[in-house]
Amino acid sequence: MNTNTMTRISTLAVAIGLAFSANSWAADDTATQTVGYEVQEIALIDVSGSPAAMTITAAPAGQAPTPVTDATTTYSITNNAGTDSKKITAAINTDMPTGVTLEVELGAPTGATATKQALSSAPANVVTGIDNVSETGKSITYTLSATAAAGKVTSANKTVTFTITNS
């Protein structure tokens, strides 16, 4: 082999080596990772506070005492468990005295249905058909009513518990 041929072969070998070397460097320019993820079920309710005491003070002659209403509180809800997956129940810690009724009505979140319910110690469905939703400022309206047969009832407090459960 002459020098010219040797130079050409050496140059070709260097060029091929550089090409392979460049390809191996390019492979090091990227890296991959696998990222696992999960979104767990979220079903939360929160209320804005407690309403003021409700007092029945009047009645037209010959009729039952005039009911009183309070709509000063609200609730917020988040649910990601699916279409019609949840409902809200409401209950009070002890039953109301005879002749006295405390009712609650919640504003329904988008896609759900609300029902006005008299409260007792047994949970009652107040909102059903709750879809995936995240809303705030939904209304809570309480109505206190009494019959004349209830007589004078001393003041008391009731704790209302709202619970999100599966439909």
# chains A, B, ... in the order shown; residues from 1 in each chain; ligands from 1

$ select_by_dssp --residues "chain A" --states "alpha helix (DSSP H)" --output "NGL selection string"
:A and (3-27)

$ atom_distance --atom1 "CA of Leu102 in chain A" --atom2 "CA of Ser120 in chain A"
8.3 Å

$ atom_distance --atom1 "CA of Thr113 in chain A" --atom2 "CA of Thr94 in chain A"
26.1 Å

$ closest_residue --among "A:Thr136, A:Asn125, A:Ser155, A:Thr143" --to "Ser167 in chain A" --atoms "only C-alpha atoms"
A:Asn125

$ residues_around --residues "range 48-50 of chain A" --least-positions-apart "4" --cutoff "12 Å" --atoms "only C-alpha atoms" --output "list of chain:residue names"
A:Met54, A:Asp70, A:Ala71, A:Thr72, A:Thr73, A:Thr74, A:Tyr75, A:Ser76, A:Ile77, A:Thr136, A:Gly137, A:Lys138, A:Ser139, A:Ile140, A:Thr141, A:Tyr142, A:Asn157, A:Lys158, A:Thr159, A:Val160, A:Thr161
